[in-house]
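The block underneath contains the structure these notes are about, expressed in structure tokens.
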There are 2 protein chains.
Amino acid sequence: MTQGPEPTLGESGEFAVIERLTVGRSRPAAVSVGPGDDAAVVDAPDGRVAVSTDMLVEGRHFRLDWSTAYDVGRKAIAQNAADIEAMGASVTAFVVAVGAPPTTAVARMTELGDGMWAEAEALGASIVGGDLVASPQWVISVAALGDLGGRPPVLRSGARAGAVIAVAGELGRSAAGLTLWSNGIDGFADIRNRHLVPRPPYGQGRLAAEAGALAMTDVSDGLLADLGQLATASGVTMDLDGEALRTDIEAVTEVAEAAGADPWAWVLGGGEDHALLACFPLGPPPGWRVIGAVRSGAAEVLLDGAAWPGSPGWQSFD
Amino acid sequence: MTQGPEPTLGESGEFAVIERLTVGRSRPAAVSVGPGDDAAVVDAPDGRVAVSTDMLVEGRHFRLDWSTAYDVGRKAIAQNAADIEAMGASVTAFVVAVGAPPTTAVARMTELGDGMWAEAEALGASIVGGDLVASPQWVISVAALGDLGGRPPVLRSGARAGAVIAVAGELGRSAAGLTLWSNGIDGFADIRNRHLVPRPPYGQGRLAAEAGALAMTDVSDGLLADLGQLATASGVTMDLDGEALRTDIEAVTEVAEAAGADPWAWVLGGGEDHALLACFPLGPPPGWRVIGAVRSGAAEVLLDGAAWPGSPGWQSFD
């Protein structure tokens, strides 16, 4: 028997594909109603729920000639999870809405779902509902729910002079990987992959909150841009210590030499690594590195006391 | 001074537009952190949260030459709200992710936001967060959160023989309006508008749950299709009473005559009205009309005891 062409979304239909995507998945005890009804029901044990959403558009936030569908699924979940972690919460559940052309192979959609589930399970969370629609290109929108565990949320506005600035996770890798992909430079598989799938430091958001973090966000648009958000919201000066960023610079130096690029532009201006960035009154907890100090003064970000002249980071409509 | 061209998303930039969309909006007491941080924080007083998501794609779910941006905003919120109502919950909050071309006028985006907010406020809910990205066409993805008020969720699977089938809200109007728009038939402003902005019977989901509804869903794909979901999930036969659907038929008869169409196809097969459909052990509460009976037998939907030969309803990839 010969193998026919792969069935498409248009041939299989919405309900059959959703069945393929949802059947046999795990369901944590916190999910009392999972996929398949009009809405899911998820425990919110402390009487509040943290919620955020991010949308990824094919050609803008990912390319299907660079990423597998599995990678795209992991990335969509990871970047939404980072927003919940950045409140000091633990992710409990996701809902996902996906648009794709009717000509898309069902197998690609299953891979996307597998990537989403793999990343969600790495967090101890699950995908509790979704929507699947026809769209001219792939569009993936995720909403993430989180549990604050009885703690106050860690806002962007709580930084104050005298605190330290600390980071958990990686800086500059995604931008370095993007340069490799964009310029067709082979090798550096690990860095190339970092652009496709970020590695947020799962669990560190909660640990930071428990350790008394004053303010927190994740690095989605770039270190300077996102630290600038904390500076503006808190009304303080953020002074980065260039020497403390040395380990990030070193991690991408070889790539920078191969690409003829400035590693500082990646570490200071590159987004999408989804490291966590927080201010602590004393030292940070294990898993965090101090990279600067909060000072009173204008709401701005400095590097070793001076403004950095490069690009401050990503904007959606650039 | 002459009026310059309207500024676009690309000219204004993501952050300025988000500021325009969020500043000065109301915030209910249940929202402890609103837009502007990494995630929002919303009360979940009974220790659980109902959550669902729906995506709308330009050209597929709405047309900007038929709908104003304000209408699109109302529709996006309304159809997501209906999913929460269909669990017997009250909507508390929405997060919205929007993709649009960089050439989109900021004023259109503000109108979209105004429509979303107007519909959310009609529910006593608010929009607590979002994302705004570049996309080749408009894409709107909403996730809705709801409060079950200490009640069990009303699932699709709880119908049992002997119960009555009842509906709150309208049937067939959206499909009738679509026929008018598609065929360029003028007049019938009210029905034409029903296609652009559905009118779910807000509050009836909670009232149905309080009145002991056994099973519930909303009519998004069509009465036969959605009642079929209840039949399948519950393992029962749903027998509609044609005479009880007479008021819906009459509401679209004049349009059907003008369009040369069959009003039964609209009332039985037309989706997007987002009426609520529920089964009650005895009579339904005020605001609901009995339209049939649940019987033991095969999981199917009948009209006056027989299968209806027309199209059963909408599928995403048709």
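In the structure tokens, the first chain shown is A, the next is B, and so on; residue numbers restart at 1 for each chain, and ligands run from 1 in the order shown.
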
- Message: Excluding Gln137 in chain B and its own-chain neighbours fewer than 4 positions away, which residues fall within 9 Å of it when counting only C-alpha atoms? Please give them as a PyMOL selection string.
- Response: (chain A and resi 136) or (chain B and resi 57-59+99-101)

Name the residues of range 25-274 of chain A that come out as alpha helix (DSSP H) in a backbone DSSP run; write them as an mmCIF file with N, CA and C atoms, in the first residue's frame.
data_model
loop_
_atom_site.group_PDB
_atom_site.id
_atom_site.type_symbol
_atom_site.label_atom_id
_atom_site.label_comp_id
_atom_site.auth_asym_id
_atom_site.auth_seq_id
_atom_site.Cartn_x
_atom_site.Cartn_y
_atom_site.Cartn_z
ATOM 1 N N ALA A 69 7.572 23.057 13.740
ATOM 2 C CA ALA A 69 6.312 23.379 14.412
ATOM 3 C C ALA A 69 6.437 23.099 15.911
ATOM 4 N N TYR A 70 7.200 22.071 16.251
ATOM 5 C CA TYR A 70 7.435 21.727 17.662
ATOM 6 C C TYR A 70 8.127 22.885 18.388
ATOM 7 N N ASP A 71 9.160 23.448 17.741
ATOM 8 C CA ASP A 71 9.862 24.603 18.326
ATOM 9 C C ASP A 71 8.916 25.783 18.537
ATOM 10 N N VAL A 72 8.076 26.032 17.540
ATOM 11 C CA VAL A 72 7.148 27.164 17.631
ATOM 12 C C VAL A 72 6.207 26.975 18.821
ATOM 13 N N GLY A 73 5.751 25.736 19.003
ATOM 14 C CA GLY A 73 4.894 25.450 20.147
ATOM 15 C C GLY A 73 5.600 25.698 21.473
ATOM 16 N N ARG A 74 6.849 25.252 21.556
ATOM 17 C CA ARG A 74 7.602 25.477 22.799
ATOM 18 C C ARG A 74 7.789 26.973 23.049
ATOM 19 N N LYS A 75 8.167 27.707 21.985
ATOM 20 C CA LYS A 75 8.410 29.144 22.144
ATOM 21 C C LYS A 75 7.147 29.875 22.603
ATOM 22 N N ALA A 76 6.008 29.537 21.999
ATOM 23 C CA ALA A 76 4.752 30.229 22.338
ATOM 24 C C ALA A 76 4.413 30.046 23.816
ATOM 25 N N ILE A 77 4.613 28.830 24.305
ATOM 26 C CA ILE A 77 4.336 28.567 25.718
ATOM 27 C C ILE A 77 5.374 29.242 26.610
ATOM 28 N N ALA A 78 6.658 29.145 26.220
ATOM 29 C CA ALA A 78 7.738 29.664 27.061
ATOM 30 C C ALA A 78 7.610 31.167 27.275
ATOM 31 N N GLN A 79 7.325 31.909 26.221
ATOM 32 C CA GLN A 79 7.314 33.360 26.399
ATOM 33 C C GLN A 79 6.095 33.812 27.194
ATOM 34 N N ASN A 80 5.002 33.070 27.111
ATOM 35 C CA ASN A 80 3.852 33.382 27.954
ATOM 36 C C ASN A 80 4.107 32.994 29.405
ATOM 37 N N ALA A 81 4.764 31.886 29.597
ATOM 38 C CA ALA A 81 5.101 31.457 30.961
ATOM 39 C C ALA A 81 5.990 32.484 31.650
ATOM 40 N N ALA A 82 6.910 33.068 30.879
ATOM 41 C CA ALA A 82 7.845 34.030 31.473
ATOM 42 C C ALA A 82 7.104 35.238 32.058
ATOM 43 N N ASP A 83 6.007 35.642 31.425
ATOM 44 C CA ASP A 83 5.241 36.779 31.950
ATOM 45 C C ASP A 83 4.606 36.454 33.303
ATOM 46 N N ILE A 84 4.163 35.226 33.457
ATOM 47 C CA ILE A 84 3.578 34.815 34.739
ATOM 48 C C ILE A 84 4.667 34.690 35.803
ATOM 49 N N GLU A 85 5.790 34.072 35.433
ATOM 50 C CA GLU A 85 6.930 33.990 36.361
ATOM 51 C C GLU A 85 7.348 35.390 36.829
ATOM 52 N N VAL A 106 -2.138 18.152 8.930
ATOM 53 C CA VAL A 106 -2.552 17.877 10.308
ATOM 54 C C VAL A 106 -1.326 17.522 11.164
ATOM 55 N N ALA A 107 -0.361 16.833 10.529
ATOM 56 C CA ALA A 107 0.834 16.420 11.274
ATOM 57 C C ALA A 107 1.608 17.624 11.820
ATOM 58 N N ARG A 108 1.626 18.743 11.059
ATOM 59 C CA ARG A 108 2.326 19.945 11.557
ATOM 60 C C ARG A 108 1.612 20.478 12.793
ATOM 61 N N MET A 109 0.294 20.457 12.767
ATOM 62 C CA MET A 109 -0.477 20.969 13.898
ATOM 63 C C MET A 109 -0.270 20.083 15.131
ATOM 64 N N THR A 110 -0.168 18.777 14.895
ATOM 65 C CA THR A 110 0.097 17.858 16.002
ATOM 66 C C THR A 110 1.479 18.126 16.606
ATOM 67 N N GLU A 111 2.465 18.412 15.740
ATOM 68 C CA GLU A 111 3.809 18.754 16.239
ATOM 69 C C GLU A 111 3.769 20.041 17.068
ATOM 70 N N LEU A 112 3.017 21.025 16.572
ATOM 71 C CA LEU A 112 2.866 22.279 17.333
ATOM 72 C C LEU A 112 2.294 21.974 18.718
ATOM 73 N N GLY A 113 1.250 21.164 18.735
ATOM 74 C CA GLY A 113 0.636 20.795 20.007
ATOM 75 C C GLY A 113 1.595 20.032 20.904
ATOM 76 N N ASP A 114 2.375 19.123 20.311
ATOM 77 C CA ASP A 114 3.346 18.360 21.108
ATOM 78 C C ASP A 114 4.379 19.294 21.744
ATOM 79 N N GLY A 115 4.850 20.289 20.966
ATOM 80 C CA GLY A 115 5.808 21.255 21.510
ATOM 81 C C GLY A 115 5.205 22.063 22.639
ATOM 82 N N MET A 116 3.960 22.491 22.450
ATOM 83 C CA MET A 116 3.277 23.243 23.511
ATOM 84 C C MET A 116 3.140 22.407 24.775
ATOM 85 N N TRP A 117 2.716 21.155 24.597
ATOM 86 C CA TRP A 117 2.515 20.288 25.760
ATOM 87 C C TRP A 117 3.831 19.975 26.464
ATOM 88 N N ALA A 118 4.896 19.765 25.681
ATOM 89 C CA ALA A 118 6.193 19.460 26.296
ATOM 90 C C ALA A 118 6.643 20.620 27.175
ATOM 91 N N GLU A 119 6.499 21.832 26.655
ATOM 92 C CA GLU A 119 6.942 22.999 27.422
ATOM 93 C C GLU A 119 6.031 23.223 28.629
ATOM 94 N N ALA A 120 4.726 23.031 28.440
ATOM 95 C CA ALA A 120 3.799 23.211 29.560
ATOM 96 C C ALA A 120 4.096 22.201 30.670
ATOM 97 N N GLU A 121 4.374 20.968 30.273
ATOM 98 C CA GLU A 121 4.638 19.938 31.280
ATOM 99 C C GLU A 121 5.948 20.193 32.023
ATOM 100 N N ALA A 122 6.916 20.815 31.347
ATOM 101 C CA ALA A 122 8.164 21.191 32.024
ATOM 102 C C ALA A 122 7.900 22.186 33.148
ATOM 103 N N ARG A 173 21.561 35.576 23.844
ATOM 104 C CA ARG A 173 21.647 34.368 23.017
ATOM 105 C C ARG A 173 20.657 34.403 21.856
ATOM 106 N N SER A 174 19.426 34.825 22.114
ATOM 107 C CA SER A 174 18.429 34.814 21.043
ATOM 108 C C SER A 174 18.847 35.754 19.917
ATOM 109 N N ALA A 175 19.330 36.941 20.274
ATOM 110 C CA ALA A 175 19.756 37.909 19.247
ATOM 111 C C ALA A 175 20.966 37.383 18.484
ATOM 112 N N ALA A 176 21.887 36.728 19.195
ATOM 113 C CA ALA A 176 23.049 36.137 18.516
ATOM 114 C C ALA A 176 22.589 35.063 17.536
ATOM 115 N N GLY A 177 21.653 34.244 17.978
ATOM 116 C CA GLY A 177 21.125 33.198 17.102
ATOM 117 C C GLY A 177 20.417 33.789 15.896
ATOM 118 N N LEU A 178 19.673 34.851 16.100
ATOM 119 C CA LEU A 178 18.980 35.516 14.983
ATOM 120 C C LEU A 178 19.977 35.997 13.928
ATOM 121 N N THR A 179 21.100 36.545 14.396
ATOM 122 C CA THR A 179 22.128 37.012 13.450
ATOM 123 C C THR A 179 22.673 35.839 12.644
ATOM 124 N N LEU A 180 22.881 34.704 13.311
ATOM 125 C CA LEU A 180 23.352 33.509 12.592
ATOM 126 C C LEU A 180 22.346 33.087 11.531
ATOM 127 N N TRP A 181 21.097 32.981 11.921
ATOM 128 C CA TRP A 181 20.054 32.570 10.972
ATOM 129 C C TRP A 181 19.944 33.575 9.826
ATOM 130 N N SER A 182 19.917 34.867 10.164
ATOM 131 C CA SER A 182 19.678 35.905 9.150
ATOM 132 C C SER A 182 20.798 35.965 8.131
ATOM 133 N N ALA A 189 25.224 25.452 16.865
ATOM 134 C CA ALA A 189 23.869 24.888 16.931
ATOM 135 C C ALA A 189 23.142 25.330 18.200
ATOM 136 N N ASP A 190 23.853 25.374 19.315
ATOM 137 C CA ASP A 190 23.191 25.714 20.570
ATOM 138 C C ASP A 190 22.639 27.140 20.535
ATOM 139 N N ILE A 191 23.444 28.066 20.046
ATOM 140 C CA ILE A 191 23.006 29.470 19.995
ATOM 141 C C ILE A 191 21.898 29.646 18.948
ATOM 142 N N ARG A 192 22.046 28.965 17.815
ATOM 143 C CA ARG A 192 20.985 29.043 16.800
ATOM 144 C C ARG A 192 19.663 28.562 17.379
ATOM 145 N N ASN A 193 19.726 27.500 18.168
ATOM 146 C CA ASN A 193 18.505 26.951 18.756
ATOM 147 C C ASN A 193 17.895 27.876 19.818
ATOM 148 N N ARG A 194 18.780 28.612 20.508
ATOM 149 C CA ARG A 194 18.283 29.556 21.518
ATOM 150 C C ARG A 194 17.375 30.612 20.907
ATOM 151 N N HIS A 195 17.619 30.953 19.626
ATOM 152 C CA HIS A 195 16.712 31.907 18.991
ATOM 153 C C HIS A 195 15.339 31.289 18.735
ATOM 154 N N LEU A 196 15.333 29.995 18.483
ATOM 155 C CA LEU A 196 14.061 29.333 18.157
ATOM 156 C C LEU A 196 13.241 29.031 19.406
ATOM 157 N N GLN A 204 12.160 30.351 38.974
ATOM 158 C CA GLN A 204 12.894 31.440 39.622
ATOM 159 C C GLN A 204 12.000 32.634 39.932
ATOM 160 N N GLY A 205 10.890 32.770 39.233
ATOM 161 C CA GLY A 205 9.973 33.862 39.544
ATOM 162 C C GLY A 205 9.397 33.713 40.945
ATOM 163 N N ARG A 206 8.922 32.514 41.228
ATOM 164 C CA ARG A 206 8.403 32.236 42.569
ATOM 165 C C ARG A 206 9.496 32.388 43.627
ATOM 166 N N LEU A 207 10.687 31.836 43.343
ATOM 167 C CA LEU A 207 11.788 31.934 44.312
ATOM 168 C C LEU A 207 12.160 33.391 44.572
ATOM 169 N N ALA A 208 12.148 34.209 43.522
ATOM 170 C CA ALA A 208 12.470 35.626 43.688
ATOM 171 C C ALA A 208 11.435 36.306 44.588
ATOM 172 N N ALA A 209 10.161 35.978 44.350
ATOM 173 C CA ALA A 209 9.103 36.573 45.182
ATOM 174 C C ALA A 209 9.273 36.154 46.639
ATOM 175 N N GLU A 210 9.562 34.870 46.837
ATOM 176 C CA GLU A 210 9.758 34.376 48.213
ATOM 177 C C GLU A 210 10.968 35.028 48.872
ATOM 178 N N LEU A 223 17.484 43.845 27.401
ATOM 179 C CA LEU A 223 17.824 44.199 28.784
ATOM 180 C C LEU A 223 17.605 45.686 29.054
ATOM 181 N N LEU A 224 18.117 46.554 28.174
ATOM 182 C CA LEU A 224 17.962 47.994 28.415
ATOM 183 C C LEU A 224 16.490 48.399 28.349
ATOM 184 N N ALA A 225 15.769 47.869 27.370
ATOM 185 C CA ALA A 225 14.358 48.241 27.205
ATOM 186 C C ALA A 225 13.537 47.782 28.406
ATOM 187 N N ASP A 226 13.734 46.533 28.828
ATOM 188 C CA ASP A 226 12.906 46.005 29.907
ATOM 189 C C ASP A 226 13.309 46.556 31.268
ATOM 190 N N LEU A 227 14.618 46.763 31.444
ATOM 191 C CA LEU A 227 15.046 47.423 32.679
ATOM 192 C C LEU A 227 14.543 48.866 32.688
ATOM 193 N N GLY A 228 14.450 49.457 31.500
ATOM 194 C CA GLY A 228 13.872 50.796 31.380
ATOM 195 C C GLY A 228 12.428 50.835 31.852
ATOM 196 N N GLN A 229 11.687 49.746 31.600
ATOM 197 C CA GLN A 229 10.304 49.673 32.095
ATOM 198 C C GLN A 229 10.282 49.692 33.627
ATOM 199 N N LEU A 230 11.209 48.954 34.241
ATOM 200 C CA LEU A 230 11.282 48.964 35.714
ATOM 201 C C LEU A 230 11.684 50.356 36.208
ATOM 202 N N ALA A 231 12.648 50.980 35.517
ATOM 203 C CA ALA A 231 13.107 52.319 35.920
ATOM 204 C C ALA A 231 11.955 53.320 35.860
ATOM 205 N N THR A 232 11.190 53.277 34.765
ATOM 206 C CA THR A 232 10.084 54.220 34.589
ATOM 207 C C THR A 232 8.981 53.969 35.611
ATOM 208 N N ALA A 233 8.609 52.686 35.762
ATOM 209 C CA ALA A 233 7.517 52.368 36.685
ATOM 210 C C ALA A 233 7.887 52.682 38.127
ATOM 211 N N SER A 234 9.175 52.551 38.455
ATOM 212 C CA SER A 234 9.620 52.740 39.847
ATOM 213 C C SER A 234 10.160 54.148 40.097
ATOM 214 N N ARG A 246 29.840 40.178 31.867
ATOM 215 C CA ARG A 246 30.931 39.538 31.139
ATOM 216 C C ARG A 246 30.602 38.088 30.751
ATOM 217 N N THR A 247 29.935 37.349 31.641
ATOM 218 C CA THR A 247 29.657 35.939 31.300
ATOM 219 C C THR A 247 28.708 35.828 30.115
ATOM 220 N N ASP A 248 27.759 36.766 30.008
ATOM 221 C CA ASP A 248 26.868 36.760 28.838
ATOM 222 C C ASP A 248 27.640 37.147 27.576
ATOM 223 N N ILE A 249 28.489 38.159 27.708
ATOM 224 C CA ILE A 249 29.307 38.587 26.553
ATOM 225 C C ILE A 249 30.164 37.410 26.078
ATOM 226 N N GLU A 250 30.797 36.737 27.044
ATOM 227 C CA GLU A 250 31.696 35.635 26.664
ATOM 228 C C GLU A 250 30.941 34.505 25.959
ATOM 229 N N ALA A 251 29.713 34.280 26.382
ATOM 230 C CA ALA A 251 28.935 33.182 25.788
ATOM 231 C C ALA A 251 28.640 33.420 24.315
ATOM 232 N N VAL A 252 28.675 34.672 23.872
ATOM 233 C CA VAL A 252 28.353 34.961 22.462
ATOM 234 C C VAL A 252 29.522 35.591 21.705
ATOM 235 N N THR A 253 30.692 35.647 22.329
ATOM 236 C CA THR A 253 31.838 36.310 21.684
ATOM 237 C C THR A 253 32.275 35.590 20.419
ATOM 238 N N GLU A 254 32.307 34.258 20.488
ATOM 239 C CA GLU A 254 32.769 33.515 19.316
ATOM 240 C C GLU A 254 31.795 33.716 18.146
ATOM 241 N N VAL A 255 30.511 33.728 18.455
ATOM 242 C CA VAL A 255 29.500 33.981 17.425
ATOM 243 C C VAL A 255 29.663 35.392 16.869
ATOM 244 N N ALA A 256 29.909 36.344 17.759
ATOM 245 C CA ALA A 256 30.058 37.737 17.327
ATOM 246 C C ALA A 256 31.244 37.878 16.383
ATOM 247 N N GLU A 257 32.336 37.157 16.684
ATOM 248 C CA GLU A 257 33.509 37.230 15.804
ATOM 249 C C GLU A 257 33.176 36.629 14.436
ATOM 250 N N ALA A 258 32.455 35.495 14.446
ATOM 251 C CA ALA A 258 32.089 34.857 13.171
ATOM 252 C C ALA A 258 31.157 35.747 12.348
ATOM 253 N N ALA A 259 30.319 36.514 13.050
ATOM 254 C CA ALA A 259 29.316 37.325 12.349
ATOM 255 C C ALA A 259 29.770 38.764 12.135
ATOM 256 N N PRO A 263 28.963 41.999 20.407
ATOM 257 C CA PRO A 263 28.213 41.194 21.394
ATOM 258 C C PRO A 263 27.456 42.057 22.405
ATOM 259 N N TRP A 264 27.923 43.259 22.663
ATOM 260 C CA TRP A 264 27.212 44.142 23.607
ATOM 261 C C TRP A 264 25.828 44.511 23.091
ATOM 262 N N ALA A 265 25.705 44.679 21.767
ATOM 263 C CA ALA A 265 24.382 45.000 21.203
ATOM 264 C C ALA A 265 23.409 43.869 21.486
ATOM 265 N N TRP A 266 23.915 42.626 21.440
ATOM 266 C CA TRP A 266 23.037 41.482 21.719
ATOM 267 C C TRP A 266 22.661 41.396 23.197
ATOM 268 N N VAL A 267 23.645 41.568 24.065
ATOM 269 C CA VAL A 267 23.405 41.382 25.502
ATOM 270 C C VAL A 267 22.574 42.536 26.082
ATOM 271 N N LEU A 268 22.806 43.746 25.588
ATOM 272 C CA LEU A 268 22.068 44.909 26.103
ATOM 273 C C LEU A 268 20.751 45.157 25.354
ATOM 274 N N GLY A 269 20.740 44.848 24.065
ATOM 275 C CA GLY A 269 19.588 45.229 23.250
ATOM 276 C C GLY A 269 18.766 44.070 22.718
#

- Message: Using only C-alpha atoms and a cut-off of 7 Å, which residues of chain A sit close to chain B? Please list them as a VMD selection string.
- Response: chain A and resid 9 to 10 13 to 14 37 to 55 57 83 to 84 86 to 87 95 to 97 102 129 to 131 133 to 135 141 143 155 to 156 217 315 to 318

- CA of Asp273 in chain A to CA of Ile127 in chain B measures 27.4 Å

Polymer residues at most 9 Å from Gly235 in chain B, only C-alpha atoms, same-chain spacing of 6 or more positions, as a PDB file with C-alpha atoms, in the first residue's frame:
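The result, stored in part-v6.pdb:
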ATOM      1  CA  SER B 157     -22.435  16.008  29.423  1.00  0.00           C
ATOM      2  CA  ALA B 159     -28.324  16.080  29.930  1.00  0.00           C
ATOM      3  CA  ARG B 160     -30.627  13.133  30.662  1.00  0.00           C
ATOM      4  CA  SER B 296     -33.129   8.216  25.679  1.00  0.00           C
ATOM      5  CA  GLY B 297     -31.715   6.838  22.439  1.00  0.00           C
ATOM      6  CA  ALA B 298     -28.917   7.438  19.966  1.00  0.00           C
ATOM      7  CA  ALA B 299     -26.800  10.577  20.389  1.00  0.00           C
ATOM      8  CA  GLU B 300     -28.494  12.658  17.716  1.00  0.00           C
TER       9      GLU B 300
END
